file start28.csv (CSV, C-alpha atoms and all ligand atoms)
chain,number,residue,atom,x,y,z
A,1,MET,CA,-81.9,-29.0,12.1
A,2,ILE,CA,-79.4,-26.3,10.9
A,3,SER,CA,-78.6,-26.5,7.2
A,4,PHE,CA,-75.1,-25.7,6.0
A,5,GLU,CA,-72.9,-26.2,3.1
A,6,TYR,CA,-70.1,-28.7,3.5
A,7,ARG,CA,-66.8,-28.1,1.6
A,8,THR,CA,-63.9,-30.6,1.3
A,9,PRO,CA,-60.9,-28.8,-0.1
A,10,LYS,CA,-57.8,-30.8,-0.9
A,11,THR,CA,-55.2,-28.1,-0.6
A,12,LEU,CA,-54.3,-25.3,1.7
A,13,THR,CA,-54.9,-22.8,-1.1
A,14,GLU,CA,-58.4,-24.1,-1.6
A,15,VAL,CA,-59.0,-23.8,2.2
A,16,HIS,CA,-57.9,-20.1,2.0
A,17,GLN,CA,-60.3,-19.5,-0.9
A,18,GLU,CA,-63.3,-21.0,0.9
A,19,LEU,CA,-62.6,-19.0,4.0
A,20,LYS,CA,-62.2,-15.8,2.0
A,21,GLN,CA,-65.5,-16.5,0.2
A,22,PHE,CA,-67.6,-17.3,3.3
A,23,GLY,CA,-65.8,-15.0,5.8
A,24,ALA,CA,-67.2,-15.2,9.4
A,25,ASP,CA,-70.1,-17.5,8.2
A,26,ALA,CA,-67.7,-20.4,7.6
A,27,LYS,CA,-66.2,-22.7,10.2
A,28,LEU,CA,-63.2,-25.0,9.8
A,29,ILE,CA,-63.9,-28.5,11.0
A,30,ALA,CA,-60.9,-30.8,11.9
A,31,GLY,CA,-61.6,-33.5,14.5
A,32,GLY,CA,-65.1,-32.1,15.1
A,33,THR,CA,-65.0,-33.1,18.8
A,34,ALA,CA,-65.7,-29.5,20.0
A,35,LEU,CA,-67.4,-27.9,17.0
A,36,VAL,CA,-70.2,-30.5,16.7
A,37,ILE,CA,-71.1,-30.1,20.3
A,38,MET,CA,-71.2,-26.3,19.9
A,39,MET,CA,-73.4,-26.7,16.8
A,40,LYS,CA,-75.8,-29.1,18.6
A,41,GLN,CA,-76.1,-26.6,21.4
A,42,ARG,CA,-76.8,-23.8,18.9
A,43,LEU,CA,-73.8,-21.9,20.2
A,44,VAL,CA,-72.4,-21.5,16.7
A,45,ARG,CA,-74.4,-21.6,13.4
A,46,PRO,CA,-72.1,-21.6,10.5
A,47,THR,CA,-73.6,-21.5,7.0
A,48,CYS,CA,-70.6,-23.4,5.6
A,49,LEU,CA,-68.3,-26.1,7.1
A,50,VAL,CA,-64.9,-26.4,5.6
A,51,SER,CA,-63.5,-29.8,6.4
A,52,LEU,CA,-59.8,-30.2,6.8
A,53,ARG,CA,-59.8,-34.0,6.7
A,54,ALA,CA,-58.7,-34.3,3.0
A,55,VAL,CA,-56.2,-31.4,3.0
A,56,ARG,CA,-52.7,-32.6,2.2
A,57,GLY,CA,-49.6,-31.7,4.2
A,58,LEU,CA,-51.3,-30.4,7.3
A,59,SER,CA,-50.5,-33.3,9.7
A,60,GLY,CA,-47.4,-34.9,11.0
A,61,LEU,CA,-44.4,-34.1,13.2
A,62,ALA,CA,-40.9,-33.2,12.2
A,63,GLN,CA,-37.7,-31.9,13.7
A,64,LYS,CA,-37.1,-28.2,12.8
A,65,ASP,CA,-34.7,-25.4,13.9
A,66,GLY,CA,-33.9,-26.7,17.4
A,67,GLY,CA,-37.4,-27.9,18.1
A,68,VAL,CA,-40.4,-29.9,16.9
A,69,LYS,CA,-42.9,-28.7,14.2
A,70,ILE,CA,-46.4,-30.1,14.5
A,71,GLY,CA,-48.9,-29.8,11.7
A,72,GLY,CA,-52.2,-28.2,12.6
A,73,LEU,CA,-54.2,-31.3,11.7
A,74,THR,CA,-52.0,-33.7,13.8
A,75,THR,CA,-54.1,-35.5,16.4
A,76,HIS,CA,-53.5,-35.4,20.1
A,77,ARG,CA,-52.8,-39.1,20.0
A,78,GLU,CA,-50.1,-38.7,17.4
A,79,VAL,CA,-48.3,-36.1,19.6
A,80,GLU,CA,-48.7,-38.3,22.7
A,81,THR,CA,-47.2,-41.4,20.9
A,82,SER,CA,-44.6,-39.7,18.7
A,83,SER,CA,-41.1,-41.1,19.4
A,84,LEU,CA,-39.6,-37.7,18.2
A,85,VAL,CA,-41.7,-35.8,20.8
A,86,ARG,CA,-41.0,-38.3,23.6
A,87,ARG,CA,-37.3,-38.1,22.9
A,88,GLN,CA,-37.0,-34.3,22.4
A,89,ILE,CA,-39.8,-32.7,24.4
A,90,PRO,CA,-41.3,-35.4,26.7
A,91,LEU,CA,-43.5,-32.9,28.5
A,92,LEU,CA,-45.5,-32.4,25.3
A,93,ALA,CA,-46.3,-36.1,25.0
A,94,GLU,CA,-47.2,-36.3,28.7
A,95,THR,CA,-49.5,-33.2,28.4
A,96,TYR,CA,-51.5,-34.5,25.4
A,97,ARG,CA,-51.9,-37.8,27.2
A,98,HIS,CA,-53.9,-36.0,29.9
A,99,VAL,CA,-56.6,-34.9,27.5
A,100,ALA,CA,-59.9,-36.8,27.9
A,101,THR,CA,-59.9,-40.4,26.6
A,102,ILE,CA,-58.0,-42.2,23.8
A,103,ARG,CA,-61.2,-42.0,21.6
A,104,VAL,CA,-61.2,-38.2,21.9
A,105,ARG,CA,-57.4,-38.0,21.4
A,106,ASN,CA,-57.7,-40.0,18.2
A,107,MET,CA,-60.0,-37.4,16.7
A,108,ALA,CA,-59.0,-34.1,18.3
A,109,THR,CA,-56.4,-32.1,16.5
A,110,VAL,CA,-53.7,-29.8,17.8
A,111,GLY,CA,-54.9,-26.9,15.7
A,112,GLY,CA,-58.6,-27.5,16.5
A,113,GLY,CA,-57.8,-27.7,20.2
A,114,LEU,CA,-56.0,-24.3,20.2
A,115,ALA,CA,-58.6,-22.6,18.1
A,116,HIS,CA,-61.4,-23.9,20.4
A,117,ALA,CA,-59.7,-21.9,23.2
A,118,ASP,CA,-61.5,-23.4,26.2
A,119,PRO,CA,-59.5,-22.1,29.2
A,120,ASN,CA,-59.8,-25.5,30.9
A,121,GLN,CA,-57.9,-27.3,28.2
A,122,ASP,CA,-54.6,-29.0,29.1
A,123,PRO,CA,-52.1,-28.3,26.2
A,124,PRO,CA,-52.1,-24.4,26.4
A,125,PRO,CA,-50.4,-24.0,29.8
A,126,ALA,CA,-47.7,-26.5,28.8
A,127,LEU,CA,-47.2,-24.9,25.4
A,128,ILE,CA,-47.0,-21.4,27.0
A,129,ALA,CA,-44.4,-22.6,29.5
A,130,LEU,CA,-42.4,-24.3,26.6
A,131,GLY,CA,-42.4,-21.0,24.6
A,132,ALA,CA,-44.4,-22.5,21.7
A,133,THR,CA,-45.6,-20.5,18.7
A,134,LEU,CA,-48.2,-21.2,16.0
A,135,LYS,CA,-48.4,-20.3,12.4
A,136,ALA,CA,-51.7,-18.9,11.0
A,137,THR,CA,-52.2,-18.5,7.3
A,138,SER,CA,-54.7,-16.9,5.0
A,139,VAL,CA,-54.9,-15.6,1.4
A,140,ASP,CA,-53.0,-12.6,2.7
A,141,GLY,CA,-50.0,-14.6,3.8
A,142,SER,CA,-48.8,-16.0,7.2
A,143,ARG,CA,-48.0,-14.8,10.7
A,144,THR,CA,-46.3,-16.4,13.7
A,145,ILE,CA,-48.1,-16.0,17.0
A,146,PRO,CA,-46.6,-16.8,20.5
A,147,LEU,CA,-49.1,-19.1,22.4
A,148,GLU,CA,-48.9,-16.8,25.4
A,149,SER,CA,-50.5,-14.0,23.4
A,150,PHE,CA,-52.9,-16.1,21.3
A,151,PHE,CA,-55.9,-16.4,23.8
A,152,THR,CA,-58.0,-13.3,24.4
A,153,ASP,CA,-61.2,-14.5,26.2
A,154,TYR,CA,-63.4,-17.5,26.8
A,155,TYR,CA,-63.3,-19.3,23.4
A,156,GLU,CA,-61.7,-16.3,21.8
A,157,THR,CA,-58.3,-15.9,20.2
A,158,VAL,CA,-56.5,-13.4,18.0
A,159,LEU,CA,-57.2,-15.6,14.9
A,160,LYS,CA,-59.1,-13.8,12.1
A,161,PRO,CA,-62.1,-15.6,10.5
A,162,ASP,CA,-60.2,-16.3,7.4
A,163,GLU,CA,-57.1,-17.7,9.1
A,164,ILE,CA,-56.1,-21.3,9.7
A,165,ILE,CA,-53.6,-22.8,12.1
A,166,THR,CA,-51.2,-24.7,9.9
A,167,GLU,CA,-48.3,-25.4,12.3
A,168,ILE,CA,-47.2,-25.3,15.9
A,169,PHE,CA,-43.5,-25.0,16.8
A,170,VAL,CA,-42.2,-26.1,20.1
A,171,PRO,CA,-38.5,-25.3,20.9
A,172,ARG,CA,-36.4,-27.9,22.7
A,173,LEU,CA,-35.5,-27.1,26.3
A,174,PRO,CA,-32.2,-25.3,26.8
A,175,PRO,CA,-29.4,-27.2,28.6
A,176,ASN,CA,-29.8,-27.6,32.4
A,177,SER,CA,-33.6,-27.5,32.1
A,178,GLY,CA,-36.5,-29.5,33.6
A,179,ALA,CA,-40.2,-29.3,32.8
A,180,ALA,CA,-43.4,-30.6,34.3
A,181,PHE,CA,-47.2,-30.3,33.8
A,182,LEU,CA,-49.6,-31.1,36.6
A,183,LYS,CA,-53.3,-31.4,36.2
A,184,PHE,CA,-55.5,-31.4,39.4
A,185,LEU,CA,-58.3,-33.8,38.8
A,186,PRO,CA,-60.4,-34.5,41.9
A,187,ARG,CA,-63.4,-36.0,40.0
A,188,THR,CA,-62.7,-38.4,37.2
A,189,ALA,CA,-59.5,-39.2,35.2
A,190,ASP,CA,-60.9,-38.0,31.9
A,191,ASP,CA,-62.3,-34.7,33.3
A,192,TYR,CA,-61.1,-31.2,32.5
A,193,ALA,CA,-58.7,-29.8,35.1
A,194,THR,CA,-59.9,-28.0,38.2
A,195,VAL,CA,-56.5,-26.3,38.1
A,196,SER,CA,-53.4,-27.0,35.9
A,197,ALA,CA,-49.9,-25.7,36.1
A,198,ALA,CA,-46.8,-26.2,33.8
A,199,ALA,CA,-43.3,-25.1,34.8
A,200,VAL,CA,-40.1,-25.0,32.8
A,201,VAL,CA,-37.0,-24.2,34.8
A,202,THR,CA,-33.4,-23.6,33.5
A,203,LEU,CA,-30.5,-23.5,35.9
A,204,ASP,CA,-27.4,-21.4,35.6
A,205,LYS,CA,-24.0,-22.9,34.7
A,206,ALA,CA,-23.1,-23.5,38.4
A,207,ARG,CA,-26.5,-25.3,38.7
A,208,LYS,CA,-27.3,-23.4,41.9
A,209,GLY,CA,-29.6,-20.7,40.7
A,210,PHE,CA,-32.6,-20.1,38.3
A,211,ALA,CA,-31.3,-18.7,35.0
A,212,ASP,CA,-34.9,-18.8,33.6
A,213,VAL,CA,-38.4,-19.9,34.7
A,214,ARG,CA,-41.6,-20.1,32.7
A,215,ILE,CA,-45.0,-20.9,34.3
A,216,GLY,CA,-48.2,-21.5,32.4
A,217,LEU,CA,-51.6,-21.9,34.2
A,218,GLY,CA,-55.0,-23.3,33.1
A,219,SER,CA,-58.6,-23.3,34.4
A,220,LEU,CA,-57.8,-20.2,36.4
A,221,GLY,CA,-59.4,-17.4,34.4
A,222,THR,CA,-61.0,-16.6,31.1
A,223,THR,CA,-57.8,-17.7,29.3
A,224,PRO,CA,-54.7,-19.8,30.0
A,225,ILE,CA,-52.1,-17.5,31.4
A,226,ARG,CA,-48.4,-17.0,31.8
A,227,ALA,CA,-47.5,-16.2,35.4
A,228,ARG,CA,-44.8,-13.7,34.6
A,229,GLU,CA,-44.7,-12.0,38.0
A,230,ALA,CA,-44.3,-15.3,39.8
A,231,GLU,CA,-41.4,-16.2,37.3
A,232,GLU,CA,-39.7,-12.8,38.1
A,233,ILE,CA,-39.5,-13.8,41.8
A,234,LEU,CA,-37.3,-16.7,40.9
A,235,ARG,CA,-35.2,-15.6,37.9
A,236,GLY,CA,-31.6,-15.0,39.0
A,237,GLN,CA,-32.2,-16.3,42.5
A,238,PRO,CA,-30.7,-19.3,44.2
A,239,VAL,CA,-32.7,-22.5,44.1
A,240,LYS,CA,-34.4,-22.4,47.5
A,241,ALA,CA,-37.7,-23.8,48.7
A,242,GLU,CA,-38.5,-20.4,50.3
A,243,ALA,CA,-38.3,-18.6,46.9
A,244,MET,CA,-40.6,-21.2,45.3
A,245,ARG,CA,-43.1,-20.7,48.0
A,246,GLU,CA,-43.0,-17.0,47.5
A,247,ALA,CA,-43.5,-17.5,43.7
A,248,ALA,CA,-46.5,-19.8,44.4
A,249,GLU,CA,-48.0,-17.1,46.7
A,250,ARG,CA,-47.6,-14.5,43.9
A,251,ALA,CA,-49.3,-16.8,41.4
A,252,LYS,CA,-52.4,-16.9,43.6
A,253,GLN,CA,-52.7,-13.1,43.1
A,254,LEU,CA,-52.4,-13.4,39.3
A,255,VAL,CA,-55.3,-15.7,38.7
A,256,ASP,CA,-59.1,-14.9,38.5
A,257,PRO,CA,-60.9,-18.3,38.6
A,258,ILE,CA,-64.7,-18.7,38.6
A,259,SER,CA,-66.7,-20.8,41.0
A,260,ASP,CA,-68.3,-23.9,39.3
A,261,PHE,CA,-69.0,-27.5,40.0
A,262,ARG,CA,-65.2,-28.2,40.1
A,263,GLY,CA,-64.7,-25.9,43.0
A,264,SER,CA,-65.2,-22.4,44.4
A,265,ALA,CA,-63.0,-19.5,43.1
A,266,ALA,CA,-61.3,-19.3,46.5
A,267,TYR,CA,-60.5,-23.0,46.5
A,268,LYS,CA,-59.0,-22.8,43.0
A,269,ARG,CA,-57.0,-19.8,43.9
A,270,GLU,CA,-55.5,-21.7,46.8
A,271,MET,CA,-54.8,-24.7,44.6
A,272,ALA,CA,-53.1,-22.4,42.0
A,273,GLY,CA,-50.4,-21.7,44.7
A,274,VAL,CA,-50.1,-25.4,45.6
A,275,PHE,CA,-49.8,-26.5,42.0
A,276,VAL,CA,-47.3,-23.8,41.0
A,277,ARG,CA,-45.1,-24.9,43.9
A,278,ARG,CA,-45.5,-28.6,43.0
A,279,ALA,CA,-44.9,-28.0,39.3
A,280,LEU,CA,-41.7,-26.1,40.1
A,281,GLU,CA,-40.5,-28.9,42.4
A,282,ALA,CA,-41.4,-31.5,39.7
A,283,ALA,CA,-39.6,-29.6,37.0
A,284,LEU,CA,-36.4,-29.4,39.2
A,285,ALA,CA,-36.7,-33.1,39.9
A,286,ARG,CA,-36.6,-33.8,36.2
A,287,LEU,CA,-33.4,-31.9,35.4
A,288,PRO,CA,-30.9,-34.1,33.6
A,289,LYS,CA,-28.9,-35.9,36.2
A,290,LYS,CA,-25.7,-33.8,36.1
A,291,ALA,CA,-27.8,-30.6,36.2
A,292,LYS,CA,-30.0,-31.7,39.2
A,293,ALA,CA,-30.1,-28.9,41.8
A,294,LYS,CA,-30.1,-29.4,45.5
A,295,VAL,CA,-33.0,-27.4,46.9
A,296,SER,CA,-31.8,-25.6,50.0
A,297,ARG,CA,-34.4,-25.5,52.8
A,298,ARG,CA,-32.5,-22.7,54.6
A,299,PRO,CA,-34.2,-19.3,54.4
A,300,SER,CA,-32.1,-16.7,52.9
A,301,ARG,CA,-32.3,-13.0,51.8
A,302,ARG,CA,-33.2,-12.7,48.2
A,303,LYS,CA,-30.6,-11.0,45.9
A,304,LYS,CA,-31.5,-7.4,45.2
A,305,LYS,CA,-32.2,-6.8,41.5
A,401,LIG,C1,-65.7,-35.7,25.9
A,401,LIG,C2,-64.6,-34.6,25.7
A,401,LIG,C3,-63.7,-34.5,26.8
A,401,LIG,C4,-62.7,-33.5,26.7
A,401,LIG,N1,-61.7,-33.4,27.7
A,401,LIG,C5,-60.7,-32.6,27.5
A,401,LIG,C6,-59.7,-32.5,28.5
A,401,LIG,O1,-59.7,-33.2,29.5
A,401,LIG,N2,-58.6,-31.7,28.3
A,401,LIG,C7,-58.5,-30.9,27.2
A,401,LIG,O2,-57.5,-30.2,27.0
A,401,LIG,N3,-59.5,-31.0,26.2
A,401,LIG,C8,-60.5,-31.8,26.4
A,401,LIG,N4,-61.5,-31.8,25.4
A,401,LIG,C9,-61.5,-30.8,24.3
A,401,LIG,C10,-60.7,-31.3,23.2
A,401,LIG,O3,-59.4,-31.1,23.4
A,401,LIG,C11,-61.2,-30.5,22.0
A,401,LIG,O4,-62.6,-30.8,21.7
A,401,LIG,C12,-60.3,-30.7,20.8
A,401,LIG,O5,-59.0,-30.4,21.0
A,401,LIG,C13,-60.8,-29.9,19.6
A,401,LIG,O6,-60.1,-30.4,18.4
A,401,LIG,P1,-60.8,-30.8,17.1
A,401,LIG,O7,-59.8,-31.1,16.1
A,401,LIG,O8,-61.9,-31.8,17.4
A,401,LIG,O9,-61.5,-29.4,16.8
A,401,LIG,P2,-62.9,-29.1,16.0
A,401,LIG,O10,-64.1,-29.5,16.9
A,401,LIG,O11,-62.9,-29.6,14.6
A,401,LIG,O12,-62.8,-27.5,16.0
A,401,LIG,C14,-62.8,-26.7,17.1
A,401,LIG,C15,-62.7,-25.2,16.7
A,401,LIG,O13,-61.4,-25.0,16.1
A,401,LIG,C16,-61.6,-24.5,14.7
A,401,LIG,N5,-60.5,-25.1,14.0
A,401,LIG,C17,-60.3,-26.5,13.8
A,401,LIG,N6,-59.1,-26.7,13.2
A,401,LIG,C18,-58.6,-25.4,13.0
A,401,LIG,C19,-57.4,-25.0,12.4
A,401,LIG,N7,-56.4,-25.8,11.9
A,401,LIG,N8,-57.1,-23.7,12.4
A,401,LIG,C20,-58.1,-22.8,12.8
A,401,LIG,N9,-59.2,-23.1,13.4
A,401,LIG,C21,-59.5,-24.5,13.5
A,401,LIG,C22,-63.0,-24.9,14.4
A,401,LIG,O14,-63.6,-24.0,13.4
A,401,LIG,C23,-63.7,-24.8,15.7
A,401,LIG,O15,-64.1,-23.5,16.0
A,401,LIG,C24,-62.5,-32.7,25.5
A,401,LIG,C25,-63.5,-32.9,24.5
A,401,LIG,C26,-64.5,-33.8,24.6
A,401,LIG,C27,-65.5,-34.0,23.4

call {"tool": "encode", "arguments": {"input": "start28.csv", "output": "structure tokens", "more": "lines below"}}
Ligand SMILES: Cc1cc2nc3c(=O)[nH]c(=O)nc-3n(C[C@H](O)[C@H](O)[C@H](O)COP(=O)(O)OP(=O)(O)OC[C@H]3O[C@@H](n4cnc5c(N)ncnc54)[C@H](O)[C@@H]3O)c2cc1C
result
Amino acid sequence: MISFEYRTPKTLTEVHQELKQFGADAKLIAGGTALVIMMKQRLVRPTCLVSLRAVRGLSGLAQKDGGVKIGGLTTHREVETSSLVRRQIPLLAETYRHVATIRVRNMATVGGGLAHADPNQDPPPALIALGATLKATSVDGSRTIPLESFFTDYYETVLKPDEIITEIFVPRLPPNSGAAFLKFLPRTADDYATVSAAAVVTLDKARKGFADVRIGLGSLGTTPIRAREAEEILRGQPVKAEAMREAAERAKQLVDPISDFRGSAAYKREMAGVFVRRALEAALARLPKKAKAKVSRRPSRRKKK
């Protein structure tokens, strides 16, 4: 049995003070779905748990500056069922619905999930593709961190021990955009992904070419990643199947998966290509009607940049 102190602050200021006092020996606990398992396995041994359950003002969703603001203590289930999210950024609701089971989603929080930083989690690739940012605060103030630069290694992030995630901001898609998240689950429906891919595509005004593309990948390395070099292949190019295949091939070279019981590294690398291509196709298929692009099957020379 590990003994630890248990603190129940009521305000964010009190949370900051507890974290300052205990430093790296303290751990925040939100839904507890990840931390309790880590503690049972003796992977973490905090001397103080700071519960967020009673802290006011940390949960809920609201419209803000052309996007949606999500409190750090908001549960996965609240994101999944939010009418605001479903209306404005449906991809987000769909992605959170992929996480585990309703029981887990009712407990797990958005901030806790991101701070946990398991590279197999579902929300990070979609949040990276959507261009989301998070707000971390401490006694020293606050900072905004893009999701794509938040994760540093297995279960590691840029968060300092005295920082708490108070908010996640997800911008709405620009006009002429479509988005998709695909989770490859060959075992059971509540499993972690073998490979996951999210794509956000924005077409140009003529709706014939890619004005912008963002691709996020999960379960394919020590952290979720943004496949920038694959995006580059498409940006500014006509919407053609051949270019998407080329981008998918490039994505395979950007990943560094490990072999485990969900598949060998070679298999996951191959699936990375397949799922990037499918995610791009799915994102195009979800463009608002008048922006829907016709994908040309005819090979063509790519525009020189
Ligand atoms: C059975 C099971 C199946 C799962 N399947 C999936 C799946 O299919 N896909 C998927 O994506 N995930 C899955 N998960 C992982 C799940 O998403 C995480 O356990 C959950 O998101 C963690 O959130 P939490 O609020 O419970 O965090 P906690 O367990 O409370 O905390 C996790 C970590 O985050 C820190 N923390 C908590 N809140 C904050 C905050 N606001 N700011 C800074 N640090 C904070 C804690 O100190 C701790 O280090 C599964 C989990 C379980 C138990």

call {"tool": "residues_near_ligand", "arguments": {"input": "start28.csv", "ligand": "ligand LIG 401 (chain A)", "cutoff": "6 Å", "atoms": "only C-alpha atoms and all ligand atoms", "output": "JSON, numbers by chain"}}
result
{"A": [27, 28, 29, 30, 31, 32, 33, 34, 35, 72, 73, 99, 100, 107, 108, 109, 111, 112, 113, 115, 116, 121, 122, 123, 164, 165, 166, 190, 191, 192]}

call {"tool": "closest_residue", "arguments": {"input": "start28.csv", "among": "A:Ile145, A:Val274, A:Ile258, A:Leu91", "to": "A:Arg286", "atoms": "all atoms listed in the file"}}
result
A:Leu91

call {"tool": "atom_distance", "arguments": {"input": "start28.csv", "atom1": "atom CA of A:Ala243", "atom2": "atom CA of A:Val200"}}
result
15.6 Å

call {"tool": "residues_around", "arguments": {"input": "start28.csv", "residues": "A:Thr47", "least_positions_apart": "4", "cutoff": "7 Å", "atoms": "only C-alpha atoms", "output": "mmCIF file with C-alpha atoms, in the coordinates of the input"}}
result
data_model
loop_
_atom_site.group_PDB
_atom_site.id
_atom_site.type_symbol
_atom_site.label_atom_id
_atom_site.label_comp_id
_atom_site.auth_asym_id
_atom_site.auth_seq_id
_atom_site.Cartn_x
_atom_site.Cartn_y
_atom_site.Cartn_z
ATOM 1 C CA PHE A 4 -75.100 -25.700 6.000
ATOM 2 C CA GLU A 5 -72.900 -26.200 3.100
ATOM 3 C CA ASP A 25 -70.100 -17.500 8.200
ATOM 4 C CA ALA A 26 -67.700 -20.400 7.600
#

call {"tool": "atom_distance", "arguments": {"input": "start28.csv", "atom1": "atom CA of A:Glu229", "atom2": "atom CA of A:Phe210"}}
result
14.6 Å

call {"tool": "residues_around", "arguments": {"input": "start28.csv", "residues": "A:Arg226", "least_positions_apart": "5", "cutoff": "9 Å", "atoms": "only C-alpha atoms", "output": "CSV table (one decimal) with C-alpha atoms, in the coordinates of the input"}}
result
chain,number,residue,atom,x,y,z
A,125,PRO,CA,-50.4,-24.0,29.8
A,128,ILE,CA,-47.0,-21.4,27.0
A,129,ALA,CA,-44.4,-22.6,29.5
A,148,GLU,CA,-48.9,-16.8,25.4
A,214,ARG,CA,-41.6,-20.1,32.7
A,215,ILE,CA,-45.0,-20.9,34.3
A,216,GLY,CA,-48.2,-21.5,32.4
A,217,LEU,CA,-51.6,-21.9,34.2
A,231,GLU,CA,-41.4,-16.2,37.3

call {"tool": "atom_distance", "arguments": {"input": "start28.csv", "atom1": "atom CA of A:Pro224", "atom2": "atom CA of A:Glu156"}}
result
11.3 Å

call {"tool": "closest_residue", "arguments": {"input": "start28.csv", "among": "A:Val110, A:Pro171, A:Thr157, A:Gln237", "to": "A:Gly66", "atoms": "only C-alpha atoms"}}
result
A:Pro171

call {"tool": "closest_residue", "arguments": {"input": "start28.csv", "among": "A:Arg262, A:Lys290, A:His76, A:Lys69", "to": "A:Ile89", "atoms": "only C-alpha atoms"}}
result
A:Lys69

call {"tool": "closest_residue", "arguments": {"input": "start28.csv", "among": "A:Arg235, A:Glu167, A:Thr222, A:Tyr155", "to": "A:Met38", "atoms": "all atoms listed in the file"}}
result
A:Tyr155

call {"tool": "build_atoms", "arguments": {"input": "start28.csv", "residues": "stretch 68-73 of chain A", "atoms": "all heavy atoms", "output": "mmCIF file, in the frame of the given file"}}
result
data_model
loop_
_atom_site.group_PDB
_atom_site.id
_atom_site.type_symbol
_atom_site.label_atom_id
_atom_site.label_comp_id
_atom_site.auth_asym_id
_atom_site.auth_seq_id
_atom_site.Cartn_x
_atom_site.Cartn_y
_atom_site.Cartn_z
ATOM 1 N N VAL A 68 -39.535 -28.960 17.600
ATOM 2 C CA VAL A 68 -40.400 -29.900 16.900
ATOM 3 C C VAL A 68 -41.555 -29.074 16.253
ATOM 4 O O VAL A 68 -42.173 -28.229 16.906
ATOM 5 C CB VAL A 68 -40.980 -30.963 17.834
ATOM 6 C CG1 VAL A 68 -42.008 -31.832 17.117
ATOM 7 C CG2 VAL A 68 -39.854 -31.828 18.385
ATOM 8 N N LYS A 69 -41.791 -29.371 14.981
ATOM 9 C CA LYS A 69 -42.900 -28.700 14.200
ATOM 10 C C LYS A 69 -44.032 -29.715 14.167
ATOM 11 O O LYS A 69 -43.833 -30.881 13.834
ATOM 12 C CB LYS A 69 -42.304 -28.404 12.846
ATOM 13 C CG LYS A 69 -43.256 -27.941 11.835
ATOM 14 C CD LYS A 69 -42.516 -27.753 10.536
ATOM 15 C CE LYS A 69 -42.792 -28.945 9.628
ATOM 16 N NZ LYS A 69 -42.514 -28.720 8.220
ATOM 17 N N ILE A 70 -45.219 -29.230 14.509
ATOM 18 C CA ILE A 70 -46.400 -30.100 14.500
ATOM 19 C C ILE A 70 -47.444 -29.532 13.572
ATOM 20 O O ILE A 70 -47.860 -28.372 13.724
ATOM 21 C CB ILE A 70 -47.000 -30.194 15.945
ATOM 22 C CG1 ILE A 70 -45.933 -30.576 16.971
ATOM 23 C CG2 ILE A 70 -48.163 -31.172 15.990
ATOM 24 C CD1 ILE A 70 -46.378 -30.422 18.412
ATOM 25 N N GLY A 71 -47.876 -30.314 12.597
ATOM 26 C CA GLY A 71 -48.900 -29.800 11.700
ATOM 27 C C GLY A 71 -50.213 -29.584 12.400
ATOM 28 O O GLY A 71 -50.554 -30.301 13.347
ATOM 29 N N GLY A 72 -50.961 -28.595 11.959
ATOM 30 C CA GLY A 72 -52.200 -28.200 12.600
ATOM 31 C C GLY A 72 -53.226 -29.320 12.709
ATOM 32 O O GLY A 72 -54.064 -29.349 13.605
ATOM 33 N N LEU A 73 -53.171 -30.252 11.754
ATOM 34 C CA LEU A 73 -54.200 -31.300 11.700
ATOM 35 C C LEU A 73 -53.691 -32.607 12.415
ATOM 36 O O LEU A 73 -54.380 -33.623 12.424
ATOM 37 C CB LEU A 73 -54.496 -31.639 10.236
ATOM 38 C CG LEU A 73 -55.848 -32.281 9.932
ATOM 39 C CD1 LEU A 73 -56.993 -31.425 10.425
ATOM 40 C CD2 LEU A 73 -55.997 -32.553 8.440
#
